[in-house]
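Visitor: If it helps, the file is called protein33.pdb and holds PDB, C-alpha atoms:
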```pdb
MODEL        1
ATOM      1  CA  MET A 303     -73.158 -60.158 -61.903
ATOM      2  CA  SER A 304     -76.534 -61.856 -61.542
ATOM      3  CA  SER A 305     -79.767 -60.183 -62.607
ATOM      4  CA  ASN A 306     -80.920 -60.234 -58.960
ATOM      5  CA  THR A 307     -78.447 -57.567 -57.865
ATOM      6  CA  ILE A 308     -79.314 -55.321 -60.790
ATOM      7  CA  GLU A 309     -83.026 -55.527 -60.055
ATOM      8  CA  HIS A 310     -82.228 -54.394 -56.519
ATOM      9  CA  GLY A 311     -82.131 -50.715 -57.462
ATOM     10  CA  THR A 312     -85.023 -50.419 -59.901
ATOM     11  CA  ALA A 313     -85.571 -46.707 -59.265
ATOM     12  CA  SER A 314     -82.040 -45.657 -60.206
ATOM     13  CA  SER A 315     -81.555 -48.089 -63.108
ATOM     14  CA  SER A 316     -84.676 -46.819 -64.895
ATOM     15  CA  ALA A 317     -83.072 -43.415 -65.483
ATOM     16  CA  THR A 318     -80.753 -42.787 -68.433
ATOM     17  CA  GLY A 319     -78.096 -40.253 -69.353
ATOM     18  CA  TRP A 320     -77.091 -37.578 -66.827
ATOM     19  CA  GLN A 321     -79.980 -38.429 -64.524
ATOM     20  CA  ALA A 322     -78.592 -41.940 -64.142
ATOM     21  CA  ILE A 323     -75.172 -40.563 -63.226
ATOM     22  CA  VAL A 324     -76.626 -38.202 -60.638
ATOM     23  CA  ARG A 325     -78.803 -40.940 -59.138
ATOM     24  CA  ASP A 326     -75.981 -43.457 -58.990
ATOM     25  CA  TRP A 327     -73.767 -41.014 -57.124
ATOM     26  CA  SER A 328     -76.409 -39.778 -54.734
ATOM     27  CA  SER A 329     -78.584 -42.796 -54.022
ATOM     28  CA  ASP A 330     -78.735 -43.198 -50.266
ATOM     29  CA  ARG A 331     -74.998 -43.135 -49.792
ATOM     30  CA  GLN A 332     -73.568 -41.306 -46.821
ATOM     31  CA  THR A 333     -69.973 -41.374 -45.628
ATOM     32  CA  PHE A 334     -69.917 -38.711 -42.946
ATOM     33  CA  LYS A 335     -72.644 -39.214 -40.390
ATOM     34  CA  VAL A 336     -72.846 -35.528 -39.521
ATOM     35  CA  PRO A 337     -75.126 -32.793 -40.891
ATOM     36  CA  TRP A 338     -74.076 -31.850 -44.440
ATOM     37  CA  GLY A 339     -73.317 -28.266 -43.418
ATOM     38  CA  LYS A 340     -70.800 -29.467 -40.854
ATOM     39  CA  ALA A 341     -69.105 -31.847 -43.310
ATOM     40  CA  MET A 342     -68.837 -29.043 -45.872
ATOM     41  CA  MET A 343     -67.412 -26.616 -43.305
ATOM     42  CA  TRP A 344     -64.744 -29.187 -42.396
ATOM     43  CA  ILE A 345     -63.865 -29.654 -46.065
ATOM     44  CA  PHE A 346     -63.675 -25.865 -46.540
ATOM     45  CA  LEU A 347     -61.407 -25.619 -43.486
ATOM     46  CA  LEU A 348     -59.210 -28.357 -44.955
ATOM     47  CA  SER A 349     -58.794 -26.316 -48.143
ATOM     48  CA  ASP A 350     -58.040 -23.239 -46.025
ATOM     49  CA  THR A 351     -55.397 -25.285 -44.197
ATOM     50  CA  PHE A 352     -53.623 -25.745 -47.528
ATOM     51  CA  ILE A 353     -53.784 -21.999 -48.254
ATOM     52  CA  PHE A 354     -52.224 -21.043 -44.939
ATOM     53  CA  GLY A 355     -49.859 -24.024 -45.239
ATOM     54  CA  CYS A 356     -48.624 -22.596 -48.545
ATOM     55  CA  PHE A 357     -48.200 -19.096 -47.058
ATOM     56  CA  LEU A 358     -46.159 -20.392 -44.147
ATOM     57  CA  THR A 359     -44.124 -22.691 -46.405
ATOM     58  CA  SER A 360     -43.276 -19.837 -48.778
ATOM     59  CA  TYR A 361     -42.307 -17.722 -45.742
ATOM     60  CA  MET A 362     -39.980 -20.536 -44.634
ATOM     61  CA  THR A 363     -38.524 -20.756 -48.143
ATOM     62  CA  VAL A 364     -37.677 -17.042 -48.476
ATOM     63  CA  ARG A 365     -36.376 -16.849 -44.913
ATOM     64  CA  MET A 366     -34.085 -19.874 -45.379
ATOM     65  CA  SER A 367     -32.790 -18.777 -48.775
ATOM     66  CA  THR A 368     -32.046 -15.083 -48.116
ATOM     67  CA  THR A 369     -28.434 -14.038 -47.533
ATOM     68  CA  ASP A 370     -29.499 -10.884 -45.654
ATOM     69  CA  PRO A 371     -30.167 -11.119 -41.893
ATOM     70  CA  TRP A 372     -33.850 -11.605 -40.978
ATOM     71  CA  PRO A 373     -35.231  -8.744 -38.815
ATOM     72  CA  ASN A 374     -35.589  -9.869 -35.178
ATOM     73  CA  PRO A 375     -39.381 -10.086 -34.549
ATOM     74  CA  SER A 376     -38.828  -9.825 -30.805
ATOM     75  CA  GLU A 377     -37.463  -6.285 -31.340
ATOM     76  CA  VAL A 378     -39.607  -5.294 -34.350
ATOM     77  CA  PHE A 379     -42.837  -6.027 -32.462
ATOM     78  CA  ALA A 380     -41.713  -4.616 -29.103
ATOM     79  CA  LEU A 381     -43.731  -1.799 -27.573
ATOM     80  CA  THR A 382     -42.453   0.861 -25.203
ATOM     81  CA  ILE A 383     -44.772   0.996 -22.217
ATOM     82  CA  ALA A 384     -43.976   3.340 -19.301
ATOM     83  CA  GLY A 385     -40.479   3.921 -20.631
ATOM     84  CA  ARG A 386     -39.680   0.191 -20.827
ATOM     85  CA  SER A 387     -39.404  -1.773 -24.052
ATOM     86  CA  ILE A 388     -41.417  -5.002 -23.715
ATOM     87  CA  PRO A 389     -40.854  -7.588 -26.475
ATOM     88  CA  LEU A 390     -43.858  -8.880 -28.475
ATOM     89  CA  ILE A 391     -46.323  -7.565 -25.898
ATOM     90  CA  LEU A 392     -49.046  -6.570 -28.381
ATOM     91  CA  ILE A 393     -48.827  -9.957 -30.113
ATOM     92  CA  ALA A 394     -49.129 -11.701 -26.742
ATOM     93  CA  ILE A 395     -52.255  -9.669 -25.887
ATOM     94  CA  MET A 396     -53.726 -10.476 -29.335
ATOM     95  CA  THR A 397     -53.047 -14.181 -28.685
ATOM     96  CA  PHE A 398     -54.882 -14.081 -25.349
ATOM     97  CA  ILE A 399     -57.801 -12.196 -26.911
ATOM     98  CA  LEU A 400     -58.190 -14.806 -29.639
ATOM     99  CA  ILE A 401     -58.019 -17.679 -27.140
ATOM    100  CA  SER A 402     -60.651 -15.987 -24.976
ATOM    101  CA  SER A 403     -62.879 -15.565 -28.023
ATOM    102  CA  SER A 404     -62.517 -19.293 -28.719
ATOM    103  CA  GLY A 405     -63.595 -19.996 -25.153
ATOM    104  CA  THR A 406     -66.738 -17.853 -25.408
ATOM    105  CA  MET A 407     -67.505 -19.447 -28.799
ATOM    106  CA  ALA A 408     -67.250 -22.980 -27.392
ATOM    107  CA  MET A 409     -69.704 -22.003 -24.653
ATOM    108  CA  ALA A 410     -72.056 -20.408 -27.185
ATOM    109  CA  VAL A 411     -72.242 -23.752 -29.040
ATOM    110  CA  ASN A 412     -73.044 -25.470 -25.758
ATOM    111  CA  TYR A 413     -75.849 -23.055 -24.836
ATOM    112  CA  GLY A 414     -77.144 -23.257 -28.405
ATOM    113  CA  TYR A 415     -77.841 -26.966 -28.058
ATOM    114  CA  ARG A 416     -79.635 -26.210 -24.780
ATOM    115  CA  HIS A 417     -81.869 -23.799 -26.766
ATOM    116  CA  ASP A 418     -80.842 -20.943 -24.454
ATOM    117  CA  ARG A 419     -81.207 -18.180 -27.039
ATOM    118  CA  LYS A 420     -80.178 -15.194 -24.926
ATOM    119  CA  LYS A 421     -76.980 -16.734 -23.564
ATOM    120  CA  THR A 422     -76.021 -18.157 -26.979
ATOM    121  CA  ALA A 423     -76.455 -14.801 -28.722
ATOM    122  CA  ALA A 424     -74.695 -12.896 -25.910
ATOM    123  CA  LEU A 425     -71.699 -15.257 -26.015
ATOM    124  CA  MET A 426     -71.537 -15.032 -29.813
ATOM    125  CA  PHE A 427     -71.623 -11.218 -29.733
ATOM    126  CA  ALA A 428     -68.871 -11.337 -27.093
ATOM    127  CA  THR A 429     -66.846 -13.554 -29.452
ATOM    128  CA  ALA A 430     -67.403 -11.103 -32.312
ATOM    129  CA  ALA A 431     -66.390  -8.185 -30.033
ATOM    130  CA  PHE A 432     -63.113  -9.969 -29.176
ATOM    131  CA  GLY A 433     -62.640 -10.422 -32.928
ATOM    132  CA  VAL A 434     -63.162  -6.712 -33.594
ATOM    133  CA  SER A 435     -60.625  -5.746 -30.912
ATOM    134  CA  PHE A 436     -58.163  -8.219 -32.456
ATOM    135  CA  VAL A 437     -58.536  -6.617 -35.891
ATOM    136  CA  CYS A 438     -58.135  -3.133 -34.345
ATOM    137  CA  MET A 439     -54.868  -4.166 -32.697
ATOM    138  CA  GLN A 440     -53.700  -5.592 -35.985
ATOM    139  CA  GLY A 441     -54.540  -2.253 -37.616
ATOM    140  CA  PHE A 442     -52.444  -0.510 -34.951
ATOM    141  CA  GLU A 443     -49.558  -2.920 -35.582
ATOM    142  CA  TRP A 444     -49.719  -2.410 -39.377
ATOM    143  CA  THR A 445     -49.800   1.380 -38.952
ATOM    144  CA  LYS A 446     -46.786   1.308 -36.636
ATOM    145  CA  LEU A 447     -44.746  -0.854 -39.010
ATOM    146  CA  ILE A 448     -45.709   1.138 -42.102
ATOM    147  CA  LEU A 449     -44.702   4.394 -40.337
ATOM    148  CA  GLU A 450     -41.370   2.769 -39.465
ATOM    149  CA  GLY A 451     -40.792   2.125 -43.156
ATOM    150  CA  VAL A 452     -41.791  -1.523 -43.610
ATOM    151  CA  ARG A 453     -42.979  -2.185 -47.168
ATOM    152  CA  PRO A 454     -43.655  -5.419 -49.076
ATOM    153  CA  TRP A 455     -40.395  -4.782 -50.966
ATOM    154  CA  GLY A 456     -38.141  -3.643 -48.127
ATOM    155  CA  ASN A 457     -37.584  -2.543 -44.552
ATOM    156  CA  PRO A 458     -34.881  -0.729 -42.540
ATOM    157  CA  TRP A 459     -33.626  -3.810 -40.657
ATOM    158  CA  GLY A 460     -32.654  -6.524 -43.125
ATOM    159  CA  ALA A 461     -34.112  -9.062 -45.531
ATOM    160  CA  PRO A 462     -36.657  -7.286 -47.808
ATOM    161  CA  GLN A 463     -38.857 -10.432 -47.845
ATOM    162  CA  PHE A 464     -39.834  -9.721 -44.227
ATOM    163  CA  GLY A 465     -42.436  -7.132 -45.259
ATOM    164  CA  SER A 466     -44.135  -9.193 -47.963
ATOM    165  CA  CYS A 467     -44.412 -12.229 -45.649
ATOM    166  CA  PHE A 468     -45.722 -10.086 -42.798
ATOM    167  CA  PHE A 469     -48.405  -8.265 -44.810
ATOM    168  CA  MET A 470     -49.481 -11.380 -46.719
ATOM    169  CA  ILE A 471     -49.770 -13.761 -43.764
ATOM    170  CA  THR A 472     -51.210 -11.426 -41.111
ATOM    171  CA  GLY A 473     -53.371  -9.667 -43.711
ATOM    172  CA  PHE A 474     -54.972 -12.900 -44.872
ATOM    173  CA  HIS A 475     -55.485 -14.002 -41.276
ATOM    174  CA  GLY A 476     -56.993 -10.611 -40.374
ATOM    175  CA  LEU A 477     -59.350 -10.958 -43.337
ATOM    176  CA  HIS A 478     -60.481 -14.317 -41.948
ATOM    177  CA  VAL A 479     -61.120 -12.745 -38.538
ATOM    178  CA  SER A 480     -63.117  -9.908 -40.145
ATOM    179  CA  ILE A 481     -65.257 -12.319 -42.177
ATOM    180  CA  GLY A 482     -65.740 -14.382 -39.014
ATOM    181  CA  VAL A 483     -67.013 -11.324 -37.134
ATOM    182  CA  ILE A 484     -69.632 -10.704 -39.854
ATOM    183  CA  TYR A 485     -70.599 -14.400 -39.994
ATOM    184  CA  LEU A 486     -70.960 -14.675 -36.210
ATOM    185  CA  SER A 487     -72.981 -11.453 -36.003
ATOM    186  CA  ILE A 488     -75.472 -12.688 -38.610
ATOM    187  CA  VAL A 489     -75.897 -16.066 -36.893
ATOM    188  CA  ALA A 490     -76.149 -14.445 -33.439
ATOM    189  CA  LYS A 491     -78.873 -12.087 -34.660
ATOM    190  CA  ARG A 492     -80.821 -15.031 -36.065
ATOM    191  CA  VAL A 493     -80.410 -16.934 -32.794
ATOM    192  CA  LEU A 494     -81.870 -13.953 -30.962
ATOM    193  CA  THR A 495     -84.831 -13.493 -33.315
ATOM    194  CA  GLY A 496     -85.766 -17.178 -33.066
ATOM    195  CA  PHE A 497     -84.937 -18.097 -36.674
ATOM    196  CA  TYR A 498     -83.287 -21.380 -35.593
ATOM    197  CA  GLU A 499     -85.822 -22.004 -32.836
ATOM    198  CA  LYS A 500     -88.515 -22.330 -35.524
ATOM    199  CA  ARG A 501     -86.425 -24.953 -37.330
ATOM    200  CA  GLY A 502     -85.639 -26.582 -34.006
ATOM    201  CA  ASN A 503     -81.929 -26.991 -34.550
ATOM    202  CA  TYR A 504     -78.853 -25.021 -33.610
ATOM    203  CA  GLU A 505     -76.244 -26.880 -35.663
ATOM    204  CA  ILE A 506     -75.365 -23.638 -37.457
ATOM    205  CA  VAL A 507     -73.915 -22.287 -34.202
ATOM    206  CA  GLU A 508     -71.543 -25.242 -34.043
ATOM    207  CA  ILE A 509     -70.641 -24.827 -37.735
ATOM    208  CA  ALA A 510     -69.900 -21.108 -37.273
ATOM    209  CA  GLY A 511     -67.921 -22.114 -34.192
ATOM    210  CA  LEU A 512     -65.782 -24.497 -36.268
ATOM    211  CA  TYR A 513     -64.810 -21.582 -38.525
ATOM    212  CA  TRP A 514     -63.975 -19.361 -35.561
ATOM    213  CA  HIS A 515     -61.855 -22.005 -33.795
ATOM    214  CA  PHE A 516     -59.999 -22.536 -37.074
ATOM    215  CA  VAL A 517     -59.095 -18.839 -37.180
ATOM    216  CA  ASP A 518     -57.676 -19.227 -33.657
ATOM    217  CA  LEU A 519     -55.868 -22.403 -34.765
ATOM    218  CA  VAL A 520     -54.163 -20.625 -37.663
ATOM    219  CA  TRP A 521     -53.008 -17.888 -35.285
ATOM    220  CA  VAL A 522     -51.303 -20.547 -33.100
ATOM    221  CA  PHE A 523     -49.095 -21.454 -36.086
ATOM    222  CA  ILE A 524     -48.494 -17.828 -37.156
ATOM    223  CA  PHE A 525     -47.561 -16.905 -33.571
ATOM    224  CA  ALA A 526     -45.063 -19.784 -33.360
ATOM    225  CA  PHE A 527     -43.474 -19.568 -36.802
ATOM    226  CA  PHE A 528     -43.616 -15.868 -37.661
ATOM    227  CA  TYR A 529     -43.388 -14.066 -34.306
ATOM    228  CA  LEU A 530     -41.439 -16.455 -32.069
ATOM    229  CA  TRP A 531     -39.067 -18.137 -34.555
TER
ATOM    230  CA  MET B 732     -83.252 -35.773 -32.959
ATOM    231  CA  GLU B 733     -80.215 -33.563 -32.922
ATOM    232  CA  HIS B 734     -76.791 -34.910 -33.822
ATOM    233  CA  GLY B 735     -75.167 -32.059 -31.932
ATOM    234  CA  GLN B 736     -72.130 -32.156 -29.731
ATOM    235  CA  GLN B 737     -73.271 -31.696 -26.142
ATOM    236  CA  HIS B 738     -70.657 -31.852 -23.388
ATOM    237  CA  PRO B 739     -70.353 -30.513 -19.821
ATOM    238  CA  LEU B 740     -69.213 -26.878 -19.664
ATOM    239  CA  GLY B 741     -66.379 -27.765 -17.270
ATOM    240  CA  ILE B 742     -64.190 -29.272 -20.009
ATOM    241  CA  TYR B 743     -64.262 -26.000 -22.001
ATOM    242  CA  PHE B 744     -63.101 -23.997 -18.974
ATOM    243  CA  LYS B 745     -60.271 -26.478 -18.343
ATOM    244  CA  ILE B 746     -59.078 -26.296 -21.959
ATOM    245  CA  TRP B 747     -59.421 -22.510 -21.932
ATOM    246  CA  GLY B 748     -57.158 -22.360 -18.847
ATOM    247  CA  LEU B 749     -54.658 -24.767 -20.403
ATOM    248  CA  LEU B 750     -54.482 -22.663 -23.592
ATOM    249  CA  PHE B 751     -53.778 -19.563 -21.489
ATOM    250  CA  VAL B 752     -50.984 -21.362 -19.622
ATOM    251  CA  LEU B 753     -49.439 -22.725 -22.840
ATOM    252  CA  SER B 754     -49.597 -19.295 -24.537
ATOM    253  CA  THR B 755     -47.950 -17.659 -21.529
ATOM    254  CA  MET B 756     -45.191 -20.259 -21.565
ATOM    255  CA  SER B 757     -44.514 -19.785 -25.286
ATOM    256  CA  TYR B 758     -44.413 -16.011 -24.722
ATOM    257  CA  LEU B 759     -41.926 -16.512 -21.872
ATOM    258  CA  VAL B 760     -39.650 -18.469 -24.236
ATOM    259  CA  ASP B 761     -39.197 -15.205 -26.131
ATOM    260  CA  TYR B 762     -39.227 -12.967 -23.041
ATOM    261  CA  PHE B 763     -36.284 -14.807 -21.441
ATOM    262  CA  HIS B 764     -34.413 -14.931 -24.772
ATOM    263  CA  LEU B 765     -33.988 -18.715 -24.821
ATOM    264  CA  GLN B 766     -31.906 -19.678 -27.859
ATOM    265  CA  GLY B 767     -30.915 -22.650 -29.983
ATOM    266  CA  MET B 768     -32.485 -26.109 -29.837
ATOM    267  CA  LEU B 769     -34.179 -25.379 -26.493
ATOM    268  CA  ARG B 770     -36.047 -22.416 -28.037
ATOM    269  CA  TRP B 771     -37.178 -24.228 -31.206
ATOM    270  CA  SER B 772     -38.252 -27.402 -29.422
ATOM    271  CA  LEU B 773     -40.231 -25.500 -26.759
ATOM    272  CA  ILE B 774     -41.960 -23.330 -29.382
ATOM    273  CA  VAL B 775     -42.961 -26.372 -31.458
ATOM    274  CA  ILE B 776     -44.110 -28.412 -28.436
ATOM    275  CA  PHE B 777     -46.304 -25.589 -27.073
ATOM    276  CA  MET B 778     -47.654 -24.922 -30.576
ATOM    277  CA  LEU B 779     -48.609 -28.565 -31.191
ATOM    278  CA  LEU B 780     -50.211 -28.899 -27.742
ATOM    279  CA  LYS B 781     -52.315 -25.756 -28.311
ATOM    280  CA  ALA B 782     -53.343 -26.828 -31.823
ATOM    281  CA  GLY B 783     -54.219 -30.317 -30.569
ATOM    282  CA  LEU B 784     -56.396 -28.998 -27.734
ATOM    283  CA  ILE B 785     -58.258 -26.598 -30.039
ATOM    284  CA  VAL B 786     -58.965 -29.250 -32.691
ATOM    285  CA  ALA B 787     -59.740 -32.091 -30.276
ATOM    286  CA  VAL B 788     -61.974 -30.304 -27.766
ATOM    287  CA  PHE B 789     -63.123 -26.905 -29.072
ATOM    288  CA  MET B 790     -63.757 -28.295 -32.567
ATOM    289  CA  HIS B 791     -65.101 -31.565 -31.074
ATOM    290  CA  MET B 792     -62.845 -33.735 -33.229
ATOM    291  CA  MET B 793     -62.243 -36.251 -30.416
ATOM    292  CA  TRP B 794     -65.949 -37.088 -30.386
ATOM    293  CA  GLU B 795     -66.338 -37.447 -34.173
ATOM    294  CA  ARG B 796     -66.301 -40.738 -36.101
ATOM    295  CA  LEU B 797     -63.007 -42.007 -37.550
ATOM    296  CA  ALA B 798     -64.202 -41.523 -41.175
ATOM    297  CA  LEU B 799     -64.371 -37.744 -40.611
ATOM    298  CA  ILE B 800     -61.222 -37.569 -38.439
ATOM    299  CA  TYR B 801     -59.069 -39.319 -41.063
ATOM    300  CA  ALA B 802     -60.607 -37.398 -43.989
ATOM    301  CA  ILE B 803     -59.658 -34.072 -42.353
ATOM    302  CA  LEU B 804     -56.423 -34.821 -40.491
ATOM    303  CA  ILE B 805     -54.529 -37.028 -42.989
ATOM    304  CA  PRO B 806     -54.469 -34.716 -46.093
ATOM    305  CA  PRO B 807     -52.578 -31.876 -44.301
ATOM    306  CA  LEU B 808     -49.653 -34.310 -43.940
ATOM    307  CA  ALA B 809     -49.014 -33.540 -47.634
ATOM    308  CA  VAL B 810     -48.024 -30.030 -46.479
ATOM    309  CA  LEU B 811     -45.201 -31.600 -44.443
ATOM    310  CA  VAL B 812     -43.872 -33.310 -47.582
ATOM    311  CA  PHE B 813     -44.026 -29.949 -49.362
ATOM    312  CA  VAL B 814     -42.165 -28.292 -46.462
ATOM    313  CA  GLY B 815     -39.419 -30.913 -46.774
ATOM    314  CA  MET B 816     -39.096 -30.330 -50.520
ATOM    315  CA  MET B 817     -38.994 -26.531 -50.153
ATOM    316  CA  ALA B 818     -36.442 -26.743 -47.323
ATOM    317  CA  ALA B 819     -34.100 -28.654 -49.643
ATOM    318  CA  GLU B 820     -34.796 -26.178 -52.440
ATOM    319  CA  SER B 821     -34.118 -23.116 -50.270
ATOM    320  CA  ASP B 822     -30.824 -24.580 -49.014
ATOM    321  CA  TYR B 823     -29.799 -24.896 -52.644
ATOM    322  CA  THR B 824     -30.910 -21.320 -53.437
ATOM    323  CA  PHE B 825     -29.034 -20.026 -50.371
ATOM    324  CA  LEU B 826     -25.780 -21.735 -51.408
ATOM    325  CA  THR B 827     -26.169 -20.507 -54.992
ATOM    326  CA  ARG B 828     -26.667 -16.948 -53.765
ATOM    327  CA  LEU B 829     -23.622 -17.165 -51.507
ATOM    328  CA  LEU B 830     -21.574 -18.414 -54.432
ATOM    329  CA  TYR B 831     -22.668 -15.893 -57.076
ATOM    330  CA  PHE B 832     -24.425 -12.876 -55.515
ATOM    331  CA  ALA B 833     -23.544 -12.321 -51.854
ATOM    332  CA  HIS B 834     -20.312 -10.375 -52.523
ATOM    333  CA  SER B 835     -22.131  -7.795 -54.639
ATOM    334  CA  HIS B 836     -23.939  -6.357 -51.565
TER
ENDMDL
END
```
Can you give me the file's structure in the form of structure tokens?

Guide:
Amino acid sequence: MSSNTIEHGTASSSATGWQAIVRDWSSDRQTFKVPWGKAMMWIFLLSDTFIFGCFLTSYMTVRMSTTDPWPNPSEVFALTIAGRSIPLILIAIMTFILISSSGTMAMAVNYGYRHDRKKTAALMFATAAFGVSFVCMQGFEWTKLILEGVRPWGNPWGAPQFGSCFFMITGFHGLHVSIGVIYLSIVAKRVLTGFYEKRGNYEIVEIAGLYWHFVDLVWVFIFAFFYLW
Amino acid sequence: MEHGQQHPLGIYFKIWGLLFVLSTMSYLVDYFHLQGMLRWSLIVIFMLLKAGLIVAVFMHMMWERLALIYAILIPPLAVLVFVGMMAAESDYTFLTRLLYFAHSH
């Protein structure tokens, strides 16, 4: 290496010890040409993908390896409406609610970048309201199954692993929805009060949106693998 | 200058509609009690289409630069490897249980 190239970065080479390490790693290098908050949200979502990936993989493992019959989700999650048993109807409604909330969230991001504070906040509160109704329905579903005798260690219909998978997977997803509702409400309130208007950027709405769409995305996989399989 | 993702509203409505249609179709797979390979393939196809639409359009991935797309979408492939390993492992556990434990029930 010639001395010319070393002289190139005089500012960073003058430091020693830990400061030199920090400067070398941070000196004007950028891989992702997006705001840092967005890059970090994507990396968080990637780590969350592995968590849910592990849950669903362990569910697959216990379901494939059990010698007892797996309870039929189509019957377990059926509801009797007007004297007729309709399979999976509550889960279907929850799916449509979550998709609708993703739609309102996508529009909130759009209006955010147009600096339309009222519409952005209204759409975000609508998204959060959909989220609350989703969690309520999940609460109803949990109550129904617990009253019917489903426990993490057993249930009346077959393989005891059914309960632990159900409570673990839907519980963790429901927790994500609940946290999302709080997150969206805080951001929506700040949109309304002009907190982001002062800074002049609404990227946070898109970042919160990424989290919310991810929650919807996870539900797509839970719906397919746990409820329909 | 803002780096933000700004697209016409129309595309969100179209994707929203498509997601509704795909969800209805995957619900109908269960409602009409389709079984066997037809059931599994339809469930997986509808699932992948829905996931793809959400990530590509709602999460704006199709408009991001390749560096970000690859950094986020390639690592989850490791989960597929893990699924393959655990599928082999659970087959083995299942056979072992049949051989040594199943008759005790």

Visitor: Skipping near chain neighbours, those fewer than 4 positions away, what residues fall within 12 Å of Ala787 of chain B using all atoms listed in the file, listed as a PDB file with C-alpha atoms, in the frame of the given file?

Guide:
```pdb
ATOM      1  CA  LEU A 512     -65.782 -24.497 -36.268  1.00  0.00           C
ATOM      2  CA  HIS A 515     -61.855 -22.005 -33.795  1.00  0.00           C
ATOM      3  CA  PHE A 516     -59.999 -22.536 -37.074  1.00  0.00           C
ATOM      4  CA  LEU A 519     -55.868 -22.403 -34.765  1.00  0.00           C
TER       5      LEU A 519
ATOM      6  CA  ILE B 742     -64.190 -29.272 -20.009  1.00  0.00           C
ATOM      7  CA  TYR B 743     -64.262 -26.000 -22.001  1.00  0.00           C
ATOM      8  CA  ILE B 746     -59.078 -26.296 -21.959  1.00  0.00           C
ATOM      9  CA  LEU B 779     -48.609 -28.565 -31.191  1.00  0.00           C
ATOM     10  CA  LEU B 780     -50.211 -28.899 -27.742  1.00  0.00           C
ATOM     11  CA  LYS B 781     -52.315 -25.756 -28.311  1.00  0.00           C
ATOM     12  CA  ALA B 782     -53.343 -26.828 -31.823  1.00  0.00           C
ATOM     13  CA  GLY B 783     -54.219 -30.317 -30.569  1.00  0.00           C
ATOM     14  CA  HIS B 791     -65.101 -31.565 -31.074  1.00  0.00           C
ATOM     15  CA  MET B 792     -62.845 -33.735 -33.229  1.00  0.00           C
ATOM     16  CA  MET B 793     -62.243 -36.251 -30.416  1.00  0.00           C
ATOM     17  CA  TRP B 794     -65.949 -37.088 -30.386  1.00  0.00           C
ATOM     18  CA  GLU B 795     -66.338 -37.447 -34.173  1.00  0.00           C
ATOM     19  CA  ILE B 800     -61.222 -37.569 -38.439  1.00  0.00           C
ATOM     20  CA  LEU B 804     -56.423 -34.821 -40.491  1.00  0.00           C
TER      21      LEU B 804
END
```

Visitor: For a quick test of understanding: name the residues of chain A lying within 6 Å of chain B when counting all atoms listed in the file, and present them as a list in words.

Guide: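 Those within range of chain B come out as Thr359, Thr363, Met366, Ser367, Gly405, Ala408, Leu512 and Leu519 of chain A.
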
Visitor: Adding 6 Å on each side of the box along x, y and z that holds all listed atoms of segment 745-762 of chain B, could you give its centre and edge lengths in Å to one decimal, as JSON?

Guide:
```
{"center_x": -49.7, "center_y": -19.7, "center_z": -22.2, "size_x": 33.1, "size_y": 25.5, "size_z": 19.8}
```

Visitor: Counting all atoms listed in the file, which of A:Ser376, A:Thr382, A:Gln321, A:Ser487 gets nearest to Leu425 of chain A?

Guide: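 For Leu425 of chain A, the nearest of the given residues is A:Ser487.
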
Visitor: Near Thr422 of chain A, within 6 Å and counting all atoms listed in the file, which residues show up once chain neighbours fewer than 3 positions away are dropped, as a list in words?

Guide: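 The residues that qualify are Ala410, Tyr413, Gly414, Arg419 and Leu425 of chain A.
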
Visitor: Just how far from atom CA of Pro389 of chain A is atom CA of Arg453 of chain A, in Å to one decimal?

Guide: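 Those two atoms sit 21.5 Å apart.
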
Visitor: For the provided coordinates, the residues matched by the PyMOL selection byres ((chain A and resi 490-501) around 9) should be stated as a PyMOL selection string.

Guide: chain A and resi 414+417+419-420+422-427+485-489+502-507

Visitor: What would the file look like if the residues just selected were written as an mmCIF file, keeping the file's coordinate frame with C-alpha atoms?

Guide:
```
data_model
loop_
_atom_site.group_PDB
_atom_site.id
_atom_site.type_symbol
_atom_site.label_atom_id
_atom_site.label_comp_id
_atom_site.auth_asym_id
_atom_site.auth_seq_id
_atom_site.Cartn_x
_atom_site.Cartn_y
_atom_site.Cartn_z
ATOM 1 C CA GLY A 414 -77.144 -23.257 -28.405
ATOM 2 C CA HIS A 417 -81.869 -23.799 -26.766
ATOM 3 C CA ARG A 419 -81.207 -18.180 -27.039
ATOM 4 C CA LYS A 420 -80.178 -15.194 -24.926
ATOM 5 C CA THR A 422 -76.021 -18.157 -26.979
ATOM 6 C CA ALA A 423 -76.455 -14.801 -28.722
ATOM 7 C CA ALA A 424 -74.695 -12.896 -25.910
ATOM 8 C CA LEU A 425 -71.699 -15.257 -26.015
ATOM 9 C CA MET A 426 -71.537 -15.032 -29.813
ATOM 10 C CA PHE A 427 -71.623 -11.218 -29.733
ATOM 11 C CA TYR A 485 -70.599 -14.400 -39.994
ATOM 12 C CA LEU A 486 -70.960 -14.675 -36.210
ATOM 13 C CA SER A 487 -72.981 -11.453 -36.003
ATOM 14 C CA ILE A 488 -75.472 -12.688 -38.610
ATOM 15 C CA VAL A 489 -75.897 -16.066 -36.893
ATOM 16 C CA GLY A 502 -85.639 -26.582 -34.006
ATOM 17 C CA ASN A 503 -81.929 -26.991 -34.550
ATOM 18 C CA TYR A 504 -78.853 -25.021 -33.610
ATOM 19 C CA GLU A 505 -76.244 -26.880 -35.663
ATOM 20 C CA ILE A 506 -75.365 -23.638 -37.457
ATOM 21 C CA VAL A 507 -73.915 -22.287 -34.202
#
```

Visitor: Between atom CA of Leu358 of chain A and atom CA of Ile393 of chain A, measure the distance and give it in Å to one decimal.

Guide: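 Taking atom CA of Leu358 of chain A and atom CA of Ile393 of chain A, their separation equals 17.7 Å.
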
Visitor: For a test of reading the model, state the distance in Å between atom CA of Ile481 of chain A and atom CA of Asn412 of chain A, rounded to one decimal.

Guide: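 Pair atom CA of Ile481 of chain A / atom CA of Asn412 of chain A returns 22.4 Å.
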